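Shown next: coords_16.tsv, given as TSV, C-alpha atoms and all ligand atoms.
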```
chain	number	residue	atom	x	y	z
C	8	MET	CA	-1.89	13.96	7.20
C	9	ASN	CA	1.24	12.03	6.30
C	10	CYS	CA	1.28	8.40	7.41
C	11	LEU	CA	3.84	5.62	7.39
C	12	SER	CA	2.82	2.11	6.36
C	13	PRO	CA	5.67	-0.31	7.10
C	14	SER	CA	5.50	-3.33	4.80
C	15	ILE	CA	5.73	-6.61	6.67
C	16	LEU	CA	7.02	-8.24	3.47
C	17	SER	CA	10.46	-7.40	4.83
C	18	ALA	CA	9.67	-8.53	8.40
C	19	ASP	CA	10.51	-11.98	9.76
C	20	TYR	CA	7.35	-14.03	9.14
C	21	GLY	CA	8.50	-16.37	11.91
C	22	HIS	CA	8.21	-13.50	14.39
C	23	LEU	CA	5.47	-11.47	12.79
C	24	ALA	CA	3.68	-10.37	15.96
C	25	ASP	CA	6.96	-9.06	17.43
C	26	ASP	CA	7.94	-7.32	14.21
C	27	ILE	CA	4.53	-5.64	13.99
C	28	ALA	CA	4.73	-4.55	17.65
C	29	LEU	CA	8.08	-2.85	16.95
C	30	VAL	CA	6.69	-0.55	14.25
C	31	ASP	CA	3.30	-0.13	15.94
C	32	GLU	CA	4.88	1.08	19.21
C	33	ALA	CA	7.32	3.32	17.32
C	34	GLY	CA	4.33	5.24	15.94
C	35	ALA	CA	3.62	3.91	12.44
C	36	GLN	CA	-0.02	4.64	11.65
C	37	TYR	CA	-0.61	1.79	9.17
C	38	ILE	CA	0.61	-1.78	8.69
C	39	HIS	CA	1.04	-2.72	5.01
C	40	VAL	CA	0.28	-6.34	4.13
C	41	ASP	CA	1.38	-7.58	0.70
C	42	VAL	CA	-0.84	-10.37	-0.61
C	43	MET	CA	0.65	-12.11	-3.67
C	44	ASP	CA	-0.81	-15.00	-5.64
C	45	GLY	CA	2.08	-16.18	-7.82
C	46	THR	CA	0.08	-15.29	-10.97
C	47	PHE	CA	-0.43	-11.55	-10.98
C	48	VAL	CA	3.09	-11.26	-9.59
C	49	PRO	CA	5.92	-13.80	-9.62
C	50	ASN	CA	5.84	-14.42	-5.86
C	51	ILE	CA	3.51	-15.94	-3.25
C	52	THR	CA	3.00	-14.54	0.24
C	53	ILE	CA	0.02	-14.70	2.57
C	54	GLY	CA	-3.76	-14.41	2.61
C	55	ALA	CA	-6.76	-13.83	4.87
C	56	PRO	CA	-5.80	-16.34	7.62
C	57	VAL	CA	-2.62	-14.41	8.37
C	58	VAL	CA	-4.47	-11.07	8.25
C	59	ARG	CA	-6.96	-12.51	10.76
C	60	SER	CA	-4.10	-13.43	13.12
C	61	ILE	CA	-2.33	-10.08	12.72
C	62	ARG	CA	-5.59	-8.32	13.62
C	63	ASN	CA	-5.22	-9.69	17.16
C	64	TYR	CA	-1.87	-7.94	17.61
C	65	THR	CA	-2.46	-4.38	16.37
C	66	ASP	CA	-5.12	-1.68	16.25
C	67	LYS	CA	-3.30	0.18	13.49
C	68	ILE	CA	-4.87	0.51	10.04
C	69	LEU	CA	-4.39	-2.79	8.21
C	70	ASP	CA	-3.53	-1.69	4.68
C	71	VAL	CA	-3.93	-4.77	2.50
C	72	HIS	CA	-2.29	-4.61	-0.94
C	73	MET	CA	-3.82	-7.35	-3.10
C	74	MET	CA	-1.41	-8.40	-5.86
C	75	VAL	CA	-3.87	-11.05	-6.98
C	76	GLU	CA	-5.75	-11.83	-10.21
C	77	GLU	CA	-9.46	-11.01	-9.97
C	78	PRO	CA	-9.21	-9.88	-6.35
C	79	ALA	CA	-13.00	-9.58	-5.87
C	80	ARG	CA	-12.99	-13.34	-5.19
C	81	PHE	CA	-11.10	-12.75	-1.94
C	82	VAL	CA	-12.56	-9.45	-0.80
C	83	PRO	CA	-15.31	-10.69	1.59
C	84	ASP	CA	-12.86	-13.03	3.33
C	85	MET	CA	-10.23	-10.31	3.62
C	86	ALA	CA	-12.72	-7.81	5.04
C	87	GLU	CA	-14.02	-10.35	7.53
C	88	ALA	CA	-10.39	-11.10	8.55
C	89	GLY	CA	-10.01	-7.47	9.64
C	90	ALA	CA	-8.56	-5.47	6.73
C	91	ASP	CA	-9.27	-1.74	7.00
C	92	ILE	CA	-8.19	-0.82	3.47
C	93	ILE	CA	-8.32	-3.25	0.57
C	94	THR	CA	-6.32	-2.11	-2.45
C	95	VAL	CA	-6.82	-3.88	-5.76
C	96	HIS	CA	-4.76	-3.53	-8.92
C	97	ALA	CA	-6.36	-1.97	-12.01
C	98	GLU	CA	-4.38	-4.45	-14.15
C	99	ALA	CA	-5.73	-7.48	-12.26
C	100	THR	CA	-9.43	-7.17	-12.95
C	101	ARG	CA	-11.57	-7.20	-16.12
C	102	HIS	CA	-14.43	-5.36	-14.44
C	103	LEU	CA	-12.86	-2.58	-12.45
C	104	ASP	CA	-16.08	-0.79	-11.53
C	105	ARG	CA	-17.59	-4.05	-10.24
C	106	THR	CA	-14.44	-4.88	-8.25
C	107	ILE	CA	-14.42	-1.45	-6.59
C	108	ALA	CA	-18.10	-1.93	-5.73
C	109	ALA	CA	-17.29	-5.33	-4.21
C	110	VAL	CA	-14.81	-3.71	-1.80
C	111	LYS	CA	-17.18	-0.86	-0.89
C	112	GLU	CA	-19.94	-3.35	-0.20
C	113	GLN	CA	-17.80	-4.71	2.65
C	114	LYS	CA	-17.73	-1.26	4.32
C	115	VAL	CA	-13.94	-1.08	4.25
C	116	MET	CA	-11.84	1.59	2.54
C	117	VAL	CA	-11.04	0.95	-1.11
C	118	GLY	CA	-7.71	1.62	-2.77
C	119	LEU	CA	-6.76	1.29	-6.43
C	120	ALA	CA	-3.17	0.41	-7.28
C	121	LEU	CA	-1.43	1.16	-10.58
C	122	ASN	CA	1.77	-0.49	-11.75
C	123	PRO	CA	4.58	1.88	-12.73
C	124	ALA	CA	3.81	1.81	-16.47
C	125	THR	CA	0.01	1.97	-16.13
C	126	SER	CA	-1.46	5.29	-17.25
C	127	LEU	CA	-3.41	7.51	-14.88
C	128	ASP	CA	-6.17	7.49	-17.52
C	129	VAL	CA	-7.68	4.40	-15.89
C	130	LEU	CA	-8.65	6.62	-12.94
C	131	GLU	CA	-10.76	9.03	-14.98
C	132	TYR	CA	-14.21	7.63	-14.19
C	133	VAL	CA	-13.55	5.87	-10.88
C	134	LEU	CA	-11.52	8.40	-8.92
C	135	PRO	CA	-14.49	9.82	-6.92
C	136	GLN	CA	-15.31	6.31	-5.65
C	137	LEU	CA	-11.87	5.72	-4.14
C	138	ASP	CA	-10.44	6.33	-0.67
C	139	MET	CA	-6.86	5.91	-1.86
C	140	VAL	CA	-4.75	5.61	-5.00
C	141	LEU	CA	-1.57	3.54	-4.69
C	142	LEU	CA	1.16	4.32	-7.21
C	143	MET	CA	3.69	1.53	-7.48
C	144	SER	CA	7.22	2.89	-7.68
C	145	VAL	CA	8.69	-0.56	-8.42
C	146	ASN	CA	7.31	-3.47	-10.41
C	147	PRO	CA	5.29	-5.40	-7.84
C	148	GLY	CA	6.36	-8.76	-6.46
C	149	PHE	CA	9.41	-8.17	-4.31
C	150	GLY	CA	10.79	-5.92	-1.61
C	151	GLY	CA	14.17	-4.25	-1.79
C	152	GLN	CA	14.01	-2.92	-5.37
C	153	GLU	CA	15.14	0.49	-6.66
C	154	PHE	CA	12.65	3.38	-6.78
C	155	ILE	CA	11.62	4.13	-10.40
C	156	PRO	CA	12.30	7.88	-10.88
C	157	TYR	CA	9.43	8.66	-13.29
C	158	THR	CA	7.03	8.00	-10.38
C	159	ILE	CA	7.73	11.58	-9.24
C	160	ASP	CA	6.18	13.06	-12.44
C	161	LYS	CA	3.30	10.62	-12.20
C	162	LEU	CA	2.60	11.68	-8.62
C	163	GLN	CA	2.52	15.34	-9.57
C	164	GLN	CA	0.14	14.57	-12.42
C	165	LEU	CA	-2.12	12.60	-10.09
C	166	ARG	CA	-2.30	15.48	-7.59
C	167	GLN	CA	-3.17	17.85	-10.45
C	168	MET	CA	-5.88	15.45	-11.68
C	169	MET	CA	-7.38	15.40	-8.17
C	170	ASP	CA	-7.22	19.18	-7.90
C	171	ARG	CA	-9.03	19.53	-11.25
C	172	GLN	CA	-11.81	17.26	-9.97
C	173	GLY	CA	-11.89	18.98	-6.55
C	174	LEU	CA	-10.90	15.75	-4.79
C	175	ASP	CA	-8.51	15.19	-1.91
C	176	ILE	CA	-7.94	11.44	-1.87
C	177	ASP	CA	-5.02	9.74	-0.15
C	178	ILE	CA	-2.05	8.96	-2.38
C	179	GLU	CA	0.11	6.04	-1.30
C	180	VAL	CA	3.46	5.23	-2.88
C	181	ASP	CA	4.99	1.79	-2.63
C	182	GLY	CA	8.43	0.53	-3.55
C	183	GLY	CA	12.02	1.59	-3.05
C	184	ILE	CA	11.28	4.39	-0.59
C	185	ASN	CA	13.97	5.18	1.94
C	186	LEU	CA	15.09	7.99	4.26
C	187	GLU	CA	16.94	9.67	1.37
C	188	ASN	CA	14.11	9.87	-1.19
C	189	VAL	CA	11.00	10.12	1.01
C	190	THR	CA	11.01	13.93	1.01
C	191	ASP	CA	10.88	14.03	-2.82
C	192	VAL	CA	7.97	11.59	-2.78
C	193	LEU	CA	6.06	13.70	-0.24
C	194	ASN	CA	6.79	16.93	-2.09
C	195	ALA	CA	5.44	15.38	-5.29
C	196	GLY	CA	2.06	14.79	-3.62
C	197	ALA	CA	2.08	11.49	-1.73
C	198	ASN	CA	0.81	11.33	1.84
C	199	ILE	CA	1.01	7.62	2.67
C	200	ILE	CA	4.44	6.07	2.47
C	201	VAL	CA	5.05	2.34	2.27
C	202	ALA	CA	8.51	1.21	3.31
C	203	GLY	CA	9.60	-2.38	3.75
C	204	SER	CA	13.33	-2.92	3.55
C	205	ALA	CA	14.10	0.64	4.70
C	206	VAL	CA	12.18	-0.09	7.91
C	207	TYR	CA	13.06	-3.70	8.64
C	208	ARG	CA	16.71	-3.60	7.57
C	209	GLY	CA	18.46	-2.74	10.85
C	210	ASP	CA	16.60	-1.31	13.86
C	211	ALA	CA	12.93	-1.17	12.81
C	212	ALA	CA	11.76	1.07	15.68
C	213	ASP	CA	14.56	3.54	15.07
C	214	ASN	CA	13.91	3.54	11.32
C	215	VAL	CA	10.20	4.25	11.88
C	216	GLN	CA	11.07	7.17	14.15
C	217	ARG	CA	13.43	8.59	11.53
C	218	PHE	CA	10.79	8.34	8.82
C	219	LEU	CA	8.19	10.00	11.07
C	220	GLU	CA	10.56	12.86	11.92
C	221	ILE	CA	11.08	13.59	8.22
C	222	MET	CA	7.41	13.15	7.37
C	223	GLY	CA	6.25	15.69	9.97
Q	301	LIG	O1	4.11	-4.25	-2.78
Q	301	LIG	C1	5.29	-4.32	-2.59
Q	301	LIG	C2	6.18	-5.10	-3.52
Q	301	LIG	O2	5.42	-5.63	-4.52
Q	301	LIG	C3	5.87	-3.56	-1.48
Q	301	LIG	O3	4.92	-3.24	-0.50
Q	301	LIG	C4	7.21	-3.92	-0.93
Q	301	LIG	O4	7.13	-4.67	0.24
Q	301	LIG	C5	7.97	-2.67	-0.63
Q	301	LIG	O5	9.24	-3.01	-0.20
Q	301	LIG	P1	10.47	-1.99	-0.29
Q	301	LIG	O6	10.62	-1.62	-1.74
Q	301	LIG	O7	10.09	-0.80	0.56
Q	301	LIG	O8	11.60	-2.77	0.25
Q	302	FE	FE	2.83	-3.33	-1.27
```
Is it possible to express this structure as structure tokens?
Amino acid sequence: MNCLSPSILSADYGHLADDIALVDEAGAQYIHVDVMDGTFVPNITIGAPVVRSIRNYTDKILDVHMMVEEPARFVPDMAEAGADIITVHAEATRHLDRTIAAVKEQKVMVGLALNPATSLDVLEYVLPQLDMVLLMSVNPGFGGQEFIPYTIDKLQQLRQMMDRQGLDIDIEVDGGINLENVTDVLNAGANIIVAGSAVYRGDAADNVQRFLEIMG
């Protein structure tokens, strides 16, 4: 199933509950929360206290993207705050297997994110343990950047890798996705689409409906 995960990075943090309600009521299945620590990425956003508050305003899947060094330190807190999926970056941890285990121990879904230039090779041994792979289609840290075109090849290669292993794991793509390029991203093998500026720039409810129409 194709799902839309609007990124609240592009929402108005001063009116977060309202901005989440807009996309929730318009039919988005997930809410994407970008957690940034100012070290792994050159930007700082929010952490577990805000996730805990958001949890009171939506029943949608809280899709937490941890752009944080050694994310295992924050996993229990984030799970307790109400995250449904916790996605960690392969580049941010020295002990990837241990970090994945730390997420699974919390009985939440586990995602593994790869930066644009990170090889799919890192997935070889851990793929069967994952609920989702997130391919970054921009360098993480900011909303509103241009989609990196080589992500399309990478997506196709990831789908082939899953087929070879007999796996059907969710593939999320994050960064620079809009109403014009979303079809290419879906055709290449993604089924969860993150969109921040393309949702919150203008009429968010209308933008969600347009995405959902295209995504089928
Ligand atoms: O993780 C990130 C950025 O690091 C994203 O989730 C952005 O929030 C996506 O924003 P757009 O590229 O869709 O504007
Ligand atoms: Fe993200």
Find the spatial neighbours of segment 193-209 of chain C, counting only C-alpha atoms, within a cut-off of 10 Å - ignore same-chain residues fewer than 6 positions away - and output them as a VMD selection string. chain C and resid 8 to 19 26 29 to 30 36 to 39 70 139 to 143 149 to 152 158 to 167 176 to 186 215 to 218 221 to 222
As a check of understanding: the span from atom CA of Arg62 of chain C to atom CA of Gly89 of chain C is 6.0 Å
Identify which of the residues C:Met73, C:Val189, C:Val58, C:Val115 lies closest to Asp41 of chain C, counting all atoms listed in the file when measuring atom-to-atom distances.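 Distance minimum relative to Asp41 of chain C lands on C:Met73.
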Tell me, as a VMD selection string, which residues lie within 12 Å of Gly54 of chain C, counting only C-alpha atoms; anything in the same chain fewer than 4 positions away does not count. chain C and resid 40 to 44 58 to 61 71 to 75 78 81 to 82 84 to 86 88 to 90
Got a sec: who's within 10 Å of Glu131 of chain C, counting only C-alpha atoms, leaving out chain neighbours fewer than 3 positions off, as JSON, numbers by chain? {"C": [127, 128, 134, 135, 168, 169, 172]}
Give me a file of those residues, with C-alpha atoms, as a PDB file, in the frame of the given file.
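Dumped everything to again-v5.pdb:
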```
ATOM      1  CA  LEU C 127      -3.410   7.510 -14.880  1.00  0.00           C
ATOM      2  CA  ASP C 128      -6.170   7.490 -17.520  1.00  0.00           C
ATOM      3  CA  LEU C 134     -11.520   8.400  -8.920  1.00  0.00           C
ATOM      4  CA  PRO C 135     -14.490   9.820  -6.920  1.00  0.00           C
ATOM      5  CA  MET C 168      -5.880  15.450 -11.680  1.00  0.00           C
ATOM      6  CA  MET C 169      -7.380  15.400  -8.170  1.00  0.00           C
ATOM      7  CA  GLN C 172     -11.810  17.260  -9.970  1.00  0.00           C
TER       8      GLN C 172
END
```
Tell me, in Å to one decimal, how far atom C5 of ligand LIG 301 (chain Q) is from atom CA of Gly148 of chain C.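 Computed distance, atom C5 of ligand LIG 301 (chain Q) to atom CA of Gly148 of chain C, equals 8.6 Å.
The smallest atom-to-atom distance between Leu119 of chain C and any of C:Glu220, C:Glu98, C:Asp170, C:Asp213, using all atoms listed in the file, is found for C:Glu98.
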